[in-house]
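Source file my_file.cif; content: mmCIF, C-alpha atoms.
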data_work
#
loop_
_atom_site.label_atom_id
_atom_site.label_comp_id
_atom_site.auth_asym_id
_atom_site.auth_seq_id
_atom_site.Cartn_x
_atom_site.Cartn_y
_atom_site.Cartn_z
CA MET A 327 154.82 135.97 -97.28
CA SER A 328 157.85 138.12 -96.59
CA LYS A 329 160.83 136.22 -95.25
CA ASN A 330 160.81 138.67 -92.34
CA ALA A 331 157.16 138.15 -91.49
CA GLY A 332 156.66 138.20 -87.76
CA MET A 333 160.27 139.22 -87.18
CA PHE A 334 161.19 142.85 -86.75
CA VAL A 335 164.61 143.73 -88.14
CA THR A 336 165.02 147.48 -88.06
CA PRO A 337 166.73 148.93 -91.14
CA PHE A 338 168.09 151.75 -88.96
CA ALA A 339 171.55 151.66 -87.42
CA SER A 340 171.28 150.48 -83.82
CA GLY A 341 174.72 151.29 -82.43
CA TYR A 342 175.09 148.21 -80.24
CA SER A 343 177.92 148.31 -77.69
CA THR A 344 181.04 146.39 -78.52
CA SER A 345 184.01 145.21 -76.51
CA ALA A 346 187.63 146.18 -77.17
CA ASN A 347 187.99 143.41 -79.77
CA GLY A 348 185.02 144.75 -81.72
CA LYS A 349 182.56 142.03 -80.70
CA GLU A 350 179.17 142.66 -79.14
CA THR A 351 179.24 142.63 -75.36
CA GLN A 352 177.03 140.15 -73.51
CA SER A 353 174.99 143.09 -72.24
CA ALA A 354 174.43 144.27 -75.82
CA VAL A 355 173.41 140.79 -76.92
CA ALA A 356 170.90 140.53 -74.06
CA TYR A 357 169.55 143.99 -74.85
CA ARG A 358 169.14 143.22 -78.55
CA ARG A 359 167.44 139.88 -77.94
CA LEU A 360 165.05 141.14 -75.26
CA LYS A 361 164.14 144.19 -77.34
CA LYS A 362 163.47 142.02 -80.38
CA GLN A 363 161.08 139.83 -78.38
CA ILE A 364 159.24 142.93 -77.17
CA LEU A 365 158.99 144.41 -80.67
CA ASP A 366 157.92 141.08 -82.18
CA GLY A 367 155.18 140.71 -79.56
CA ALA A 368 156.71 137.58 -78.04
CA LEU A 369 156.84 139.60 -74.81
CA PRO A 370 153.60 141.61 -74.99
CA ALA A 371 152.70 144.60 -72.84
CA GLY A 372 152.18 143.62 -69.21
CA THR A 373 154.67 140.76 -69.34
CA GLN A 374 156.76 140.57 -66.17
CA LEU A 375 160.14 138.86 -66.04
CA LEU A 376 162.39 138.43 -63.05
CA GLU A 377 166.12 138.71 -63.71
CA HIS A 378 166.66 134.98 -63.33
CA GLU A 379 163.70 134.22 -65.63
CA ALA A 380 165.08 136.49 -68.34
CA ALA A 381 168.53 134.99 -67.84
CA ASP A 382 167.10 131.48 -68.27
CA LEU A 383 165.15 132.60 -71.34
CA LEU A 384 168.29 133.92 -72.98
CA GLY A 385 170.65 131.28 -71.63
CA MET A 386 172.85 133.95 -70.06
CA SER A 387 174.04 135.08 -66.63
CA ARG A 388 172.07 137.66 -64.68
CA THR A 389 174.58 140.54 -64.86
CA PRO A 390 174.28 141.29 -68.61
CA VAL A 391 170.52 140.74 -68.38
CA ARG A 392 170.27 143.29 -65.57
CA GLU A 393 172.25 145.79 -67.67
CA ALA A 394 169.99 145.09 -70.66
CA MET A 395 166.88 145.74 -68.56
CA ILE A 396 168.30 149.11 -67.51
CA ARG A 397 168.82 150.07 -71.18
CA LEU A 398 165.29 148.99 -72.06
CA HIS A 399 164.03 151.10 -69.17
CA GLN A 400 165.96 154.07 -70.56
CA ASP A 401 164.32 153.41 -73.95
CA GLY A 402 160.90 153.62 -72.29
CA MET A 403 160.02 150.02 -73.19
CA VAL A 404 159.96 148.51 -69.70
CA ASP A 405 159.45 149.47 -66.09
CA ILE A 406 161.92 148.08 -63.54
CA ARG A 407 160.72 147.15 -60.08
CA PRO A 408 162.94 145.99 -57.19
CA ARG A 409 162.59 142.21 -56.70
CA HIS A 410 160.07 142.07 -59.55
CA GLY A 411 162.39 142.43 -62.53
CA MET A 412 160.95 144.20 -65.57
CA ARG A 413 157.43 144.80 -66.84
CA VAL A 414 156.85 145.49 -70.55
CA LEU A 415 155.08 148.83 -70.94
CA PRO A 416 152.17 149.41 -73.34
CA ILE A 417 152.08 152.06 -76.05
CA SER A 418 148.92 154.16 -75.99
CA ALA A 419 147.25 156.20 -78.72
CA ASP A 420 148.60 159.31 -76.99
CA ASP A 421 152.10 157.84 -77.10
CA MET A 422 151.75 157.23 -80.82
CA GLN A 423 150.52 160.77 -81.42
CA GLU A 424 153.62 162.15 -79.72
CA ILE A 425 155.91 159.77 -81.59
CA TYR A 426 154.45 160.70 -84.97
CA ASP A 427 154.55 164.42 -84.18
CA VAL A 428 158.31 164.14 -83.73
CA LEU A 429 158.76 161.80 -86.72
CA THR A 430 156.87 164.23 -88.94
CA ALA A 431 159.14 167.10 -87.97
CA LEU A 432 162.39 165.14 -88.26
CA GLU A 433 161.62 163.35 -91.52
CA GLY A 434 160.16 166.48 -93.07
CA SER A 435 163.42 168.28 -92.30
CA ALA A 436 165.44 165.39 -93.71
CA SER A 437 163.45 165.45 -96.95
CA ALA A 438 164.00 169.19 -97.34
CA MET A 439 167.70 168.72 -96.57
CA LEU A 440 168.07 166.06 -99.26
CA ALA A 441 166.25 168.19 -101.84
CA GLU A 442 168.56 171.10 -101.11
CA ARG A 443 171.75 169.04 -101.07
CA GLY A 444 170.82 166.62 -103.83
CA LEU A 445 171.26 162.86 -104.00
CA THR A 446 173.54 160.70 -106.12
CA ALA A 447 172.09 158.58 -108.90
CA GLU A 448 172.80 155.52 -106.77
CA GLN A 449 170.93 156.94 -103.77
CA LEU A 450 167.93 157.86 -105.91
CA GLN A 451 167.96 154.33 -107.33
CA GLU A 452 167.87 152.90 -103.80
CA LEU A 453 164.74 154.95 -103.05
CA HIS A 454 163.14 153.86 -106.33
CA ALA A 455 163.99 150.22 -105.50
CA ALA A 456 162.23 150.54 -102.14
CA THR A 457 159.06 151.95 -103.75
CA ALA A 458 159.19 149.21 -106.40
CA ALA A 459 159.37 146.64 -103.61
CA MET A 460 156.32 148.27 -102.00
CA ASP A 461 154.40 148.06 -105.28
CA ASN A 462 155.41 144.44 -105.78
CA ALA A 463 154.36 143.57 -102.22
CA LEU A 464 150.88 144.98 -102.83
CA GLU A 465 150.60 143.04 -106.07
CA GLN A 466 151.42 139.90 -104.08
CA ASP A 467 149.02 140.98 -101.30
CA ASP A 468 151.91 140.71 -98.84
CA LEU A 469 151.39 143.48 -96.29
CA GLN A 470 154.36 142.40 -94.16
CA ALA A 471 156.68 142.74 -97.16
CA TRP A 472 155.10 146.13 -97.88
CA ALA A 473 155.78 147.25 -94.30
CA ASP A 474 159.40 146.05 -94.56
CA ALA A 475 159.92 148.02 -97.79
CA ASP A 476 158.19 151.06 -96.31
CA GLU A 477 160.51 151.03 -93.29
CA LEU A 478 163.51 150.64 -95.59
CA PHE A 479 162.41 153.68 -97.65
CA HIS A 480 162.13 155.86 -94.56
CA ALA A 481 165.42 154.54 -93.19
CA LYS A 482 167.19 155.46 -96.43
CA LEU A 483 165.82 159.00 -96.27
CA ILE A 484 167.22 159.50 -92.79
CA GLN A 485 170.52 157.74 -93.48
CA PHE A 486 171.14 159.89 -96.55
CA SER A 487 170.86 162.98 -94.34
CA GLN A 488 174.17 161.90 -92.74
CA ASN A 489 172.98 163.52 -89.51
CA LYS A 490 173.96 161.01 -86.82
CA ARG A 491 171.75 162.49 -84.11
CA MET A 492 168.74 162.51 -86.42
CA ILE A 493 169.44 158.92 -87.45
CA ASN A 494 169.60 157.74 -83.82
CA MET A 495 166.48 159.65 -82.77
CA VAL A 496 164.39 158.36 -85.66
CA ALA A 497 165.63 154.78 -85.13
CA GLN A 498 164.43 154.87 -81.54
CA LEU A 499 161.05 156.35 -82.53
CA TRP A 500 160.53 153.69 -85.22
CA GLU A 501 161.27 150.94 -82.73
CA GLN A 502 158.82 152.43 -80.23
CA SER A 503 156.07 152.62 -82.87
CA HIS A 504 156.66 149.20 -84.42
CA ARG A 505 154.27 147.22 -82.21
CA ALA A 506 151.39 149.60 -82.95
CA ARG A 507 152.12 149.66 -86.69
CA MET A 508 152.12 145.87 -86.89
CA LEU A 509 148.94 145.55 -84.81
CA THR A 510 147.03 147.81 -87.20
CA LEU A 511 148.73 146.72 -90.44
CA LYS A 512 145.78 144.65 -91.71
CA MET A 513 143.17 147.10 -90.40
CA ARG A 514 144.21 150.01 -92.60
CA PRO A 515 142.99 150.79 -96.11
CA ARG A 516 145.17 149.28 -98.85
CA PRO A 517 148.23 151.61 -98.88
CA THR A 518 148.30 152.43 -102.60
CA LYS A 519 148.18 156.17 -101.87
CA SER A 520 151.20 155.80 -99.62
CA ASN A 521 153.17 154.29 -102.51
CA ARG A 522 152.26 157.20 -104.78
CA GLU A 523 153.25 159.70 -102.11
CA HIS A 524 156.65 158.04 -101.77
CA GLN A 525 157.17 158.32 -105.53
CA ALA A 526 156.13 161.98 -105.51
CA LEU A 527 158.63 162.65 -102.73
CA ILE A 528 161.46 161.09 -104.73
CA GLU A 529 160.57 163.31 -107.70
CA ALA A 530 160.53 166.45 -105.52
CA ILE A 531 163.92 165.58 -104.04
CA ALA A 532 165.40 164.80 -107.46
CA ALA A 533 164.08 168.14 -108.77
CA GLY A 534 165.63 170.00 -105.85
CA ASN A 535 162.25 171.36 -104.75
CA VAL A 536 162.91 171.92 -101.05
CA ARG A 537 159.51 173.28 -100.08
CA GLN A 538 157.56 170.62 -101.97
CA ALA A 539 159.68 167.78 -100.55
CA ARG A 540 158.99 168.95 -97.01
CA GLN A 541 155.26 169.45 -97.66
CA ILE A 542 154.80 166.06 -99.32
CA HIS A 543 156.49 164.18 -96.53
CA GLU A 544 154.89 166.07 -93.67
CA SER A 545 151.46 165.57 -95.25
CA HIS A 546 152.22 161.87 -95.73
CA ARG A 547 153.24 161.46 -92.11
CA LYS A 548 150.29 163.42 -90.72
CA LYS A 549 147.80 161.26 -92.62
CA ALA A 550 149.51 158.10 -91.40
CA SER A 551 149.45 159.43 -87.84
CA GLN A 552 145.77 160.32 -87.94
CA MET A 553 144.82 156.90 -89.27
CA LEU A 554 146.98 154.95 -86.81
CA VAL A 555 145.94 156.94 -83.75
CA ALA A 556 142.26 156.71 -84.72
CA LEU A 557 142.54 152.91 -85.07
CA LEU A 558 144.20 152.62 -81.67
CA ARG A 559 141.52 154.73 -80.02
CA GLU A 560 138.80 152.67 -81.73
CA LEU A 561 140.41 149.48 -80.47
CA GLY A 562 140.89 150.94 -77.03
CA ALA A 563 144.37 149.51 -77.37
CA THR A 564 146.26 149.78 -74.12
CA GLN A 565 148.13 146.48 -74.22
CA ILE A 566 150.32 146.87 -77.30
#
structure tokens encoding of this file:
Amino acid sequence: MSKNAGMFVTPFASGYSTSANGKETQSAVAYRRLKKQILDGALPAGTQLLEHEAADLLGMSRTPVREAMIRLHQDGMVDIRPRHGMRVLPISADDMQEIYDVLTALEGSASAMLAERGLTAEQLQELHAATAAMDNALEQDDLQAWADADELFHAKLIQFSQNKRMINMVAQLWEQSHRARMLTLKMRPRPTKSNREHQALIEAIAAGNVRQARQIHESHRKKASQMLVALLRELGATQI
């Protein structure tokens, strides 16, 4: 199994708040730890935590925990209720459709941008390494490792765009979709086609084919969206 199995570590830059000495603030630590537990499923949809309960869980004071809850509310992950703390919100099939609609547009644009601008040999090698890791994961029948490598591939695409706003937007969307992706990971067909589509995208970018790069990635994302949303509707999943 992947060393990260059951533990979500986003490959996207998170931009955690730091204090004047460069260290993470207590609020940022609380935010990161609570968000990780939500994304990992340790705090599933519907979970309610009072401020003092969350503070005890994290071994922290209530002030940074309160600030962390406000940030999670701004992220759309929790609902905050006076005297009732926070409640972890579910992600519906409709939510996932909206998330993937935006991801498709943003990542399609990033792929076209990279094809037009070109990538260094080192950057292309990093993309090839991610697809090789995906192939190796399937050979080992390790779907968690495949998912980790897949997320890394998509993160590299966005990071290479050097568009900070795009990077931050996509990072947030990936985090919001993570619970649904992990829930359906073993329900999907074996993702061999996905691996081939990633390789075809690299070739289009390397060849400088702007139109093809956009088309390949948008088609890839739309197929993934249709499959994931259909699975969620079939499951009637409202508590993700």
| message | Can you pull out the residues contacting range 373-388 of chain A? Cut-off 9 Å, using only C-alpha atoms, and skip same-chain residues under 6 positions away; I want them as a list of chain:residue names. | response | A:Gln352, A:Ala356, A:Arg359, A:Leu360, A:Met395, A:Arg409, A:His410, A:Gly411, A:Met412, A:Arg413, A:Val414, A:Leu415
| query | Could you work out how far CA of Lys548 in chain A lies from CA of Gln466 in chain A, giving the answer in Å with one decimal? | reply | 27.1 Å
| field | Counting all atoms listed in the file, the option among A:Lys490, A:His480, A:Arg505, A:Arg443 closest to Ala368 in chain A | value |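 For Ala368 in chain A, the nearest of the given residues is A:Arg505.
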| message | For a quick check of understanding, using only C-alpha atoms, which of A:Leu557, A:Lys549, A:Ile406, A:Phe479 has the smallest distance to Gln449 in chain A? | response |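 Using only C-alpha atoms, the shortest distance to Gln449 in chain A belongs to A:Phe479.
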| field | Distance of CA of Lys482 in chain A from CA of Asn494 in chain A, expressed in Å to one decimal place | value | 13.0 Å
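Between CA of Leu429 in chain A and CA of Gln400 in chain A lies a distance of 19.3 Å.
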| message | Under the PyMOL selection byres ((chain A and resi 533-539) around 9), which residues of this model are included? Write them out as a ChimeraX atom specification. | response | /A:434,437-444,526-532,540-544
| field | Polymer residues at most 10 Å from Thr446 in chain A, only C-alpha atoms, same-chain spacing of 4 or more positions, as a list of chain:residue names | value | A:Leu450, A:Gln451, A:Glu452, A:Phe486, A:Ala532
